[in-house]
Every structure is written in C-alpha cells, then in structure tokens.
$ cat start.csv   # CSV, C-alpha atoms
chain,number,residue,atom,x,y,z
A,262,MET,CA,76.7,-68.0,-51.2
A,263,SER,CA,80.0,-69.2,-49.8
A,264,GLY,CA,81.3,-72.7,-50.3
A,265,GLN,CA,80.4,-73.6,-46.8
A,266,ASP,CA,76.9,-72.4,-47.3
A,267,HIS,CA,76.6,-74.5,-50.4
A,268,VAL,CA,77.8,-77.6,-48.5
A,269,ARG,CA,75.3,-76.8,-45.7
A,270,SER,CA,72.4,-76.4,-48.1
A,271,PHE,CA,73.3,-79.6,-49.9
A,272,ALA,CA,73.4,-81.5,-46.6
A,273,GLU,CA,70.2,-80.0,-45.3
A,274,ARG,CA,68.2,-80.5,-48.5
A,275,ARG,CA,65.2,-82.8,-48.4
A,276,LEU,CA,65.8,-85.9,-50.6
A,277,SER,CA,63.2,-86.7,-53.2
A,278,PRO,CA,61.1,-89.8,-52.4
A,279,LEU,CA,63.0,-91.7,-55.1
A,280,GLU,CA,66.4,-90.7,-53.7
A,281,ALA,CA,65.4,-91.7,-50.2
A,282,ARG,CA,63.9,-95.0,-51.3
A,283,GLU,CA,66.9,-95.9,-53.3
A,284,TYR,CA,69.2,-95.2,-50.4
A,285,LEU,CA,67.1,-96.9,-47.8
A,286,GLU,CA,66.4,-100.0,-49.9
A,287,THR,CA,70.0,-100.6,-50.8
A,288,PRO,CA,70.9,-103.8,-48.9
A,289,ILE,CA,73.4,-103.4,-46.1
A,290,SER,CA,76.4,-105.4,-47.0
A,291,ASP,CA,78.4,-107.6,-44.6
A,292,SER,CA,81.4,-105.3,-44.9
A,293,GLU,CA,79.3,-102.1,-44.1
A,294,ARG,CA,77.7,-103.9,-41.1
A,295,ASP,CA,81.1,-105.1,-39.9
A,296,GLU,CA,82.6,-101.7,-40.3
A,297,VAL,CA,79.9,-99.9,-38.4
A,298,LEU,CA,79.8,-102.4,-35.6
A,299,ALA,CA,83.6,-102.3,-35.2
A,300,LEU,CA,83.2,-98.5,-34.9
A,301,VAL,CA,80.5,-98.9,-32.3
A,302,ARG,CA,82.6,-101.4,-30.3
A,303,TRP,CA,85.5,-99.0,-30.4
A,304,PHE,CA,83.3,-96.1,-29.3
A,305,MET,CA,81.7,-98.0,-26.4
A,306,ARG,CA,85.1,-99.3,-25.2
A,307,ARG,CA,86.9,-96.0,-25.5
A,308,TYR,CA,84.0,-94.0,-24.0
A,309,PRO,CA,82.2,-96.5,-21.8
A,310,THR,CA,79.6,-94.1,-20.2
A,311,PRO,CA,76.9,-92.1,-22.0
A,312,LEU,CA,78.4,-88.9,-20.5
A,313,ASP,CA,81.8,-89.8,-21.9
A,314,ARG,CA,80.3,-90.3,-25.3
A,315,LEU,CA,78.4,-87.0,-25.2
A,316,ALA,CA,81.6,-85.2,-24.1
A,317,TYR,CA,83.6,-86.9,-26.9
A,318,VAL,CA,81.1,-85.6,-29.5
A,319,ARG,CA,81.4,-82.1,-28.2
A,320,ARG,CA,85.2,-82.2,-28.4
A,321,ALA,CA,85.1,-83.7,-31.9
A,322,TYR,CA,82.6,-81.1,-33.1
A,323,ALA,CA,84.7,-78.3,-31.7
A,324,ARG,CA,87.8,-79.7,-33.3
A,325,TRP,CA,85.9,-79.9,-36.6
A,326,GLN,CA,84.8,-76.3,-36.3
A,327,ARG,CA,88.3,-75.2,-35.7
A,328,THR,CA,89.5,-77.1,-38.8
A,329,LEU,CA,86.8,-75.4,-40.8
A,330,GLY,CA,88.0,-72.0,-39.5
A,331,ILE,CA,91.5,-72.8,-40.6
A,332,ALA,CA,90.2,-73.9,-44.0
A,333,ARG,CA,88.2,-70.7,-44.4
A,334,SER,CA,91.3,-68.6,-43.6
A,335,GLN,CA,93.4,-70.2,-46.2
B,13,MET,CA,81.0,-70.5,-23.9
B,14,ARG,CA,83.5,-73.0,-25.3
B,15,ALA,CA,82.9,-76.6,-26.1
B,16,GLY,CA,83.9,-77.9,-22.7
B,17,GLU,CA,82.0,-75.4,-20.6
B,18,PHE,CA,78.5,-76.6,-21.1
B,19,ASP,CA,77.5,-78.9,-18.3
B,20,GLU,CA,75.6,-81.6,-20.0
B,21,ALA,CA,75.0,-83.6,-16.8
B,22,ALA,CA,73.4,-80.4,-15.3
B,23,PHE,CA,71.4,-79.8,-18.4
B,24,PHE,CA,70.0,-83.3,-18.6
B,25,GLY,CA,69.6,-83.4,-14.9
B,26,ALA,CA,67.5,-80.3,-14.9
B,27,ILE,CA,65.2,-81.8,-17.6
B,28,HIS,CA,65.0,-85.1,-15.6
B,29,GLN,CA,64.1,-83.3,-12.4
B,30,SER,CA,61.5,-81.1,-14.1
B,31,GLY,CA,59.4,-84.1,-15.0
B,32,ALA,CA,58.9,-82.8,-18.5
B,33,ARG,CA,58.0,-85.4,-21.1
B,34,ALA,CA,61.0,-84.9,-23.3
B,35,LEU,CA,62.5,-87.3,-25.7
B,36,LEU,CA,66.1,-86.9,-27.0
B,37,ILE,CA,66.0,-87.4,-30.7
B,38,GLY,CA,68.4,-86.5,-33.4
B,39,ARG,CA,72.1,-87.4,-33.6
B,40,ARG,CA,72.8,-87.1,-29.9
B,41,ALA,CA,70.4,-90.0,-29.3
B,42,LEU,CA,72.5,-92.0,-31.7
B,43,VAL,CA,75.6,-91.0,-29.8
B,44,LEU,CA,74.1,-92.3,-26.5
B,45,LEU,CA,73.3,-95.6,-28.3
B,46,GLY,CA,77.0,-96.0,-29.3
B,47,LEU,CA,77.2,-94.4,-32.7
B,48,PRO,CA,80.0,-91.9,-33.1
B,49,VAL,CA,78.3,-89.3,-35.3
B,50,LEU,CA,79.0,-85.6,-35.4
B,51,THR,CA,76.4,-83.0,-34.4
B,52,ALA,CA,76.1,-79.4,-33.2
B,53,ALA,CA,72.6,-79.3,-31.8
B,54,TYR,CA,70.5,-81.1,-29.2
B,55,ASP,CA,67.1,-82.2,-30.6
B,56,PHE,CA,64.1,-82.9,-28.4
B,57,TRP,CA,60.6,-83.9,-28.9
B,58,VAL,CA,58.6,-82.5,-26.0
B,59,HIS,CA,55.0,-83.1,-25.1
B,60,ILE,CA,53.0,-80.1,-26.2
B,61,ASP,CA,51.7,-79.5,-22.7
B,62,ASP,CA,55.2,-79.5,-21.2
B,63,ILE,CA,56.8,-76.6,-23.0
B,64,ALA,CA,56.9,-74.2,-20.1
B,65,VAL,CA,58.2,-76.9,-17.7
B,66,PHE,CA,60.9,-77.8,-20.2
B,67,ASN,CA,61.9,-74.2,-20.7
B,68,THR,CA,62.1,-73.6,-17.0
B,69,ALA,CA,64.5,-76.6,-16.8
B,70,ALA,CA,66.6,-75.3,-19.7
B,71,ALA,CA,66.7,-71.9,-18.2
B,72,GLN,CA,68.8,-73.3,-15.3
B,73,CYS,CA,71.5,-73.7,-18.0
B,74,ASP,CA,70.8,-70.2,-19.4
B,75,LEU,CA,69.1,-71.5,-22.5
B,76,LEU,CA,66.4,-69.1,-23.6
B,77,PRO,CA,63.4,-70.0,-25.9
B,78,SER,CA,63.1,-68.3,-29.3
B,79,VAL,CA,59.3,-67.8,-28.9
B,80,LEU,CA,56.6,-67.9,-26.2
B,81,PRO,CA,55.0,-71.3,-25.5
B,82,GLU,CA,51.8,-70.4,-27.2
B,83,THR,CA,53.6,-69.5,-30.4
B,84,ALA,CA,55.7,-72.7,-30.1
B,85,ARG,CA,52.5,-74.7,-29.9
B,86,GLN,CA,51.2,-73.0,-33.0
B,87,ARG,CA,54.4,-73.5,-35.0
B,88,GLY,CA,55.2,-77.0,-33.7
B,89,ARG,CA,58.8,-76.1,-33.3
B,90,TYR,CA,61.1,-73.7,-31.5
B,91,VAL,CA,64.7,-73.2,-30.4
B,92,LEU,CA,66.4,-72.8,-27.1
B,93,GLU,CA,69.7,-71.0,-27.3
B,94,ASN,CA,72.7,-69.5,-25.7
B,95,ASP,CA,76.0,-70.6,-27.1
B,96,GLU,CA,74.3,-74.0,-27.4
B,97,HIS,CA,71.4,-74.7,-29.7
B,98,VAL,CA,68.5,-76.9,-28.8
B,99,ASP,CA,65.9,-77.7,-31.4
B,100,VAL,CA,62.5,-78.5,-29.9
B,101,LEU,CA,59.7,-80.3,-31.7
B,102,VAL,CA,56.3,-79.9,-29.9
B,103,ALA,CA,53.8,-81.5,-32.2
B,104,ARG,CA,51.3,-84.1,-30.8
B,105,ALA,CA,52.0,-86.1,-33.9
B,106,VAL,CA,54.2,-85.8,-37.0
B,107,THR,CA,53.8,-87.6,-40.3
B,108,THR,CA,56.8,-89.0,-42.0
B,109,VAL,CA,57.6,-88.2,-45.6
B,110,ASP,CA,56.1,-91.5,-46.6
B,111,GLY,CA,52.8,-90.9,-44.7
B,112,VAL,CA,53.3,-92.7,-41.4
B,113,ARG,CA,51.7,-90.8,-38.5
B,114,VAL,CA,54.0,-90.9,-35.4
B,115,ALA,CA,52.2,-89.8,-32.2
B,116,PHE,CA,54.3,-88.4,-29.3
B,117,ASP,CA,52.2,-90.4,-26.7
B,118,GLU,CA,53.0,-93.7,-28.4
B,119,VAL,CA,56.7,-93.0,-28.7
B,120,TRP,CA,56.8,-91.8,-25.1
B,121,ALA,CA,55.1,-95.0,-24.0
B,122,ALA,CA,57.7,-97.1,-25.7
B,123,ARG,CA,60.7,-94.9,-24.6
B,124,ARG,CA,64.0,-96.3,-23.3
B,125,PRO,CA,65.7,-94.5,-20.5
B,126,VAL,CA,69.5,-94.1,-20.6
B,127,SER,CA,71.2,-93.4,-17.3
B,128,LEU,CA,73.7,-90.5,-17.5
B,129,ALA,CA,74.4,-90.3,-13.8
B,130,ALA,CA,72.9,-91.3,-10.5
B,131,GLY,CA,69.3,-90.0,-10.7
B,132,VAL,CA,69.7,-88.6,-14.2
B,133,ASP,CA,68.0,-90.4,-17.0
B,134,VAL,CA,67.7,-89.3,-20.6
B,135,GLN,CA,64.6,-90.6,-22.4
B,136,LEU,CA,65.2,-91.9,-25.9
B,137,PRO,CA,62.6,-93.3,-28.3
B,138,GLY,CA,62.9,-97.0,-29.1
B,139,ILE,CA,65.1,-97.7,-32.1
B,140,ASP,CA,62.1,-98.3,-34.4
B,141,ASP,CA,60.6,-95.0,-33.3
B,142,LEU,CA,63.9,-93.2,-33.6
B,143,ILE,CA,64.1,-94.4,-37.2
B,144,LEU,CA,60.6,-93.0,-37.8
B,145,THR,CA,61.7,-89.6,-36.5
B,146,LYS,CA,64.5,-89.7,-39.0
B,147,ARG,CA,61.9,-89.8,-41.7
B,148,PHE,CA,60.2,-86.6,-40.7
B,149,ALA,CA,62.6,-84.7,-43.1
B,150,ASP,CA,64.6,-87.3,-45.2
B,151,ARG,CA,67.7,-85.2,-45.4
B,152,PRO,CA,70.9,-87.0,-46.5
B,153,ARG,CA,72.2,-87.4,-43.0
B,154,ASP,CA,68.8,-88.8,-41.8
B,155,VAL,CA,68.9,-91.7,-44.3
B,156,GLU,CA,72.5,-92.3,-43.4
B,157,ASP,CA,71.5,-92.4,-39.7
B,158,ILE,CA,68.7,-94.8,-40.5
B,159,ARG,CA,71.2,-97.3,-42.0
B,160,LEU,CA,73.4,-96.9,-38.9
B,161,LEU,CA,70.4,-97.6,-36.6
B,162,ARG,CA,69.3,-100.6,-38.6
B,163,ILE,CA,72.8,-102.1,-38.3
B,164,LEU,CA,72.8,-101.3,-34.5
B,165,GLN,CA,69.4,-102.9,-34.3
B,166,SER,CA,70.7,-106.1,-35.9
B,167,GLU,CA,73.0,-106.6,-32.9
B,168,PRO,CA,71.3,-108.5,-30.1
B,169,LYS,CA,72.6,-106.1,-27.5
B,170,ALA,CA,71.2,-102.9,-29.2
$ encode --input "start.csv" --output "structure tokens"
Amino acid sequence: MSGQDHVRSFAERRLSPLEAREYLETPISDSERDEVLALVRWFMRRYPTPLDRLAYVRRAYARWQRTLGIARSQ
Amino acid sequence: MRAGEFDEAAFFGAIHQSGARALLIGRRALVLLGLPVLTAAYDFWVHIDDIAVFNTAAAQCDLLPSVLPETARQRGRYVLENDEHVDVLVARAVTTVDGVRVAFDEVWAARRPVSLAAGVDVQLPGIDDLILTKRFADRPRDVEDIRLLRILQSEPKA
C-alpha cells in the first residue's frame, strides 16, 4: 500500500463509537468558533454566490491534486 | 475533462428541471452553506422511486450510472461517473451509527433550497438533518464536518 493509500484508508476509516463520542462531545471553544466563523465570512465575501463557492472548491481540489502529483514524483 | 470544464450550473439545472427528489448532502452541501471544505465527489440522497429520472438528468452531463436502477434499489447506493464522481444514496431510510432512523421523506419535507441561478435550485437538508447524514458513517471528516455545522448553526443567519 502506498503512502497515499495509507492516508486515504486512515481518513475513510469508521471511528469507533468511543472515538466519535469523544470528538463530538468536546466543547467548541470560543477561539474555534471565532476561527471557523471568520473563515465562513471570508468565503462568503470572497465568493458571494453559491456557484462561485462551488467553482472555488473545484479549483482548490484540482490544485491540491496537482500538488499531490508533484509530491508523488519527488 | 479538467476541473474547470464540468458545467455545474447545467448539472444542477438538469436535476432541478427533472423534478427528481434529490438532496445534495456531503461536503458540497457544506460549501453551499459557506464552509470552505475540500471534496472531490458530489453526494446525493435521491428518493428511491426517482432513480431513473435522476439518471436521465445526469446523463445530460454525460454521467453514467454504475448499475441499473433495480440493482441500485437493492444495494441502496450507486455511483454516476465520467471524469466526475457522484455518489448516490437511495435508501428510504438510513440509521445513524448511534441508532437514529433518518427517513428520506422527513428530510425532504424539511429541505432548504439554495438558488444557484435563475430557475435552478439545489435542495439541501436542514442543518440538523445534514448533521444526521454525517452520522451514517462516522468517518473522521464526518465528525469534523459536524463540528463545523454546529458552529454555523450557532450563527443567527445560518
């Protein structure tokens, strides 16, 4: 299994009930909330329409894939 | 087909025009709500009686189903593909990992449309229901997304 496959299988694994509960029951801190909401405000301001936002994600994903390709070739 | 070549407005427009009861779930639903998360696939939950209609709409964008509708009904899931990848859930109800039964008809009744363009709406579950769909599998990214949705939900405008 390649390193990328390892990462994928780790990301796609199903959490145990205990892992999921611990993650979900950890209180959301003010700083986490502020950080996420700041990101949302930036995203909505920078890409004001739903189509803009979908297009941004397509570009971002394509960019990420290209970066992975570069990493694999090194 | 490169990233920029898939016409998302045409894709969602075809689904809208078809009248298929199709809910956009997964990370692209989060994106429409304003959360900048990364994803490759489109995820839909489609009414089990609307598979053929949904497939006909998707075929306008050259997306082909992995199995026949009857097989999809039996399996509860299938895929539409070309260079794009659309995961389709077709169960009447799904139970979350912690035992909550989530019925398509109830989620559909509480859906919230998002307007993509004139005459093109995308149907999303309400945030509470979207959170429940994230508990169908409980992968790491699902629980991360639930935290993001809860934060978004805490905002009055969400």
$ closest_atom_pairs --input "start.csv" --of "chain B" --to "chain A" --cutoff "10 Å" --atoms "all atoms listed in the file" --output "Markdown table"
| residue | atom | partner | partner_atom | distance |
| --- | --- | --- | --- | --- |
| B:Arg14 | CA | A:Ala323 | CA | 8.4 |
| B:Ala15 | CA | A:Arg319 | CA | 6.1 |
| B:Gly16 | CA | A:Arg320 | CA | 7.3 |
| B:Phe18 | CA | A:Arg319 | CA | 9.4 |
| B:Asp19 | CA | A:Ala316 | CA | 9.5 |
| B:Glu20 | CA | A:Leu312 | CA | 7.8 |
| B:Ala21 | CA | A:Leu312 | CA | 7.3 |
| B:Arg40 | CA | A:Leu315 | CA | 7.3 |
| B:Ala41 | CA | A:Leu315 | CA | 9.5 |
| B:Val43 | CA | A:Arg314 | CA | 6.5 |
| B:Leu44 | CA | A:Pro311 | CA | 5.3 |
| B:Leu45 | CA | A:Pro311 | CA | 8.1 |
| B:Gly46 | CA | A:Val301 | CA | 5.4 |
| B:Leu47 | CA | A:Val301 | CA | 5.6 |
| B:Pro48 | CA | A:Phe304 | CA | 6.6 |
| B:Val49 | CA | A:Val318 | CA | 7.4 |
| B:Leu50 | CA | A:Tyr322 | CA | 6.2 |
| B:Thr51 | CA | A:Tyr322 | CA | 6.6 |
| B:Ala52 | CA | A:Tyr322 | CA | 6.7 |
| B:Ala53 | CA | A:Arg319 | CA | 9.9 |
| B:Val109 | CA | A:Pro278 | CA | 7.8 |
| B:Asp110 | CA | A:Pro278 | CA | 7.8 |
| B:Val126 | CA | A:Pro311 | CA | 7.8 |
| B:Ser127 | CA | A:Pro311 | CA | 7.5 |
| B:Leu128 | CA | A:Pro311 | CA | 5.7 |
| B:Ala129 | CA | A:Leu312 | CA | 7.9 |
| B:Val134 | CA | A:Pro311 | CA | 9.7 |
| B:Arg147 | CA | A:Ala281 | CA | 9.4 |
| B:Phe148 | CA | A:Arg275 | CA | 9.9 |
| B:Ala149 | CA | A:Arg275 | CA | 6.2 |
| B:Asp150 | CA | A:Arg275 | CA | 5.6 |
| B:Arg151 | CA | A:Arg275 | CA | 4.6 |
| B:Pro152 | CA | A:Ala272 | CA | 6.0 |
| B:Arg153 | CA | A:Ala272 | CA | 7.0 |
| B:Asp154 | CA | A:Ala281 | CA | 9.5 |
| B:Val155 | CA | A:Leu285 | CA | 6.5 |
| B:Glu156 | CA | A:Tyr284 | CA | 8.3 |
| B:Ile158 | CA | A:Leu285 | CA | 7.8 |
| B:Arg159 | CA | A:Leu285 | CA | 7.1 |
| B:Leu160 | CA | A:Val297 | CA | 7.2 |
| B:Leu161 | CA | A:Val297 | CA | 9.9 |
| B:Arg162 | CA | A:Ile289 | CA | 9.0 |
| B:Ile163 | CA | A:Arg294 | CA | 5.9 |
| B:Leu164 | CA | A:Leu298 | CA | 7.2 |
| B:Ser166 | CA | A:Arg294 | CA | 9.0 |
| B:Glu167 | CA | A:Leu298 | CA | 8.4 |
$ closest_residue --input "start.csv" --among "B:His28, B:His97, B:Arg33, B:Arg124" --to "B:Asp55" --atoms "only C-alpha atoms"
B:His97
$ atom_distance --input "start.csv" --atom1 "atom CA of B:Ser30" --atom2 "atom CA of B:Gln86"
23.0 Å
$ residues_around --input "start.csv" --residues "B:Asn67" --least-positions-apart "5" --cutoff "9 Å" --atoms "all atoms listed in the file" --output "VMD selection string"
chain B and resid 27 62 72 75 to 77 81 92
$ write_last_selection --input "start.csv" --atoms "C-alpha atoms" --output "mmCIF file, in the coordinates of the input"
data_model
loop_
_atom_site.group_PDB
_atom_site.id
_atom_site.type_symbol
_atom_site.label_atom_id
_atom_site.label_comp_id
_atom_site.auth_asym_id
_atom_site.auth_seq_id
_atom_site.Cartn_x
_atom_site.Cartn_y
_atom_site.Cartn_z
ATOM 1 C CA ILE B 27 65.200 -81.800 -17.600
ATOM 2 C CA ASP B 62 55.200 -79.500 -21.200
ATOM 3 C CA GLN B 72 68.800 -73.300 -15.300
ATOM 4 C CA LEU B 75 69.100 -71.500 -22.500
ATOM 5 C CA LEU B 76 66.400 -69.100 -23.600
ATOM 6 C CA PRO B 77 63.400 -70.000 -25.900
ATOM 7 C CA PRO B 81 55.000 -71.300 -25.500
ATOM 8 C CA LEU B 92 66.400 -72.800 -27.100
#
$ residues_around --input "start.csv" --residues "B:Arg89" --least-positions-apart "2" --cutoff "8 Å" --atoms "all atoms listed in the file" --output "PyMOL selection string"
chain B and resi 84-85+87+91+99-103
$ atom_distance --input "start.csv" --atom1 "atom CA of B:Ala69" --atom2 "atom CA of B:Gly138"
23.9 Å
$ atom_distance --input "start.csv" --atom1 "atom CA of B:Thr107" --atom2 "atom CA of B:Leu144"
9.0 Å
$ closest_residue --input "start.csv" --among "B:Thr145, B:Ser78, B:Gln135, B:Thr83" --to "B:Gly38" --atoms "all atoms listed in the file"
B:Thr145
$ closest_residue --input "start.csv" --among "B:Gly25, B:Pro137, B:Val132, B:Glu82" --to "B:Asp117" --atoms "all atoms listed in the file"
B:Pro137
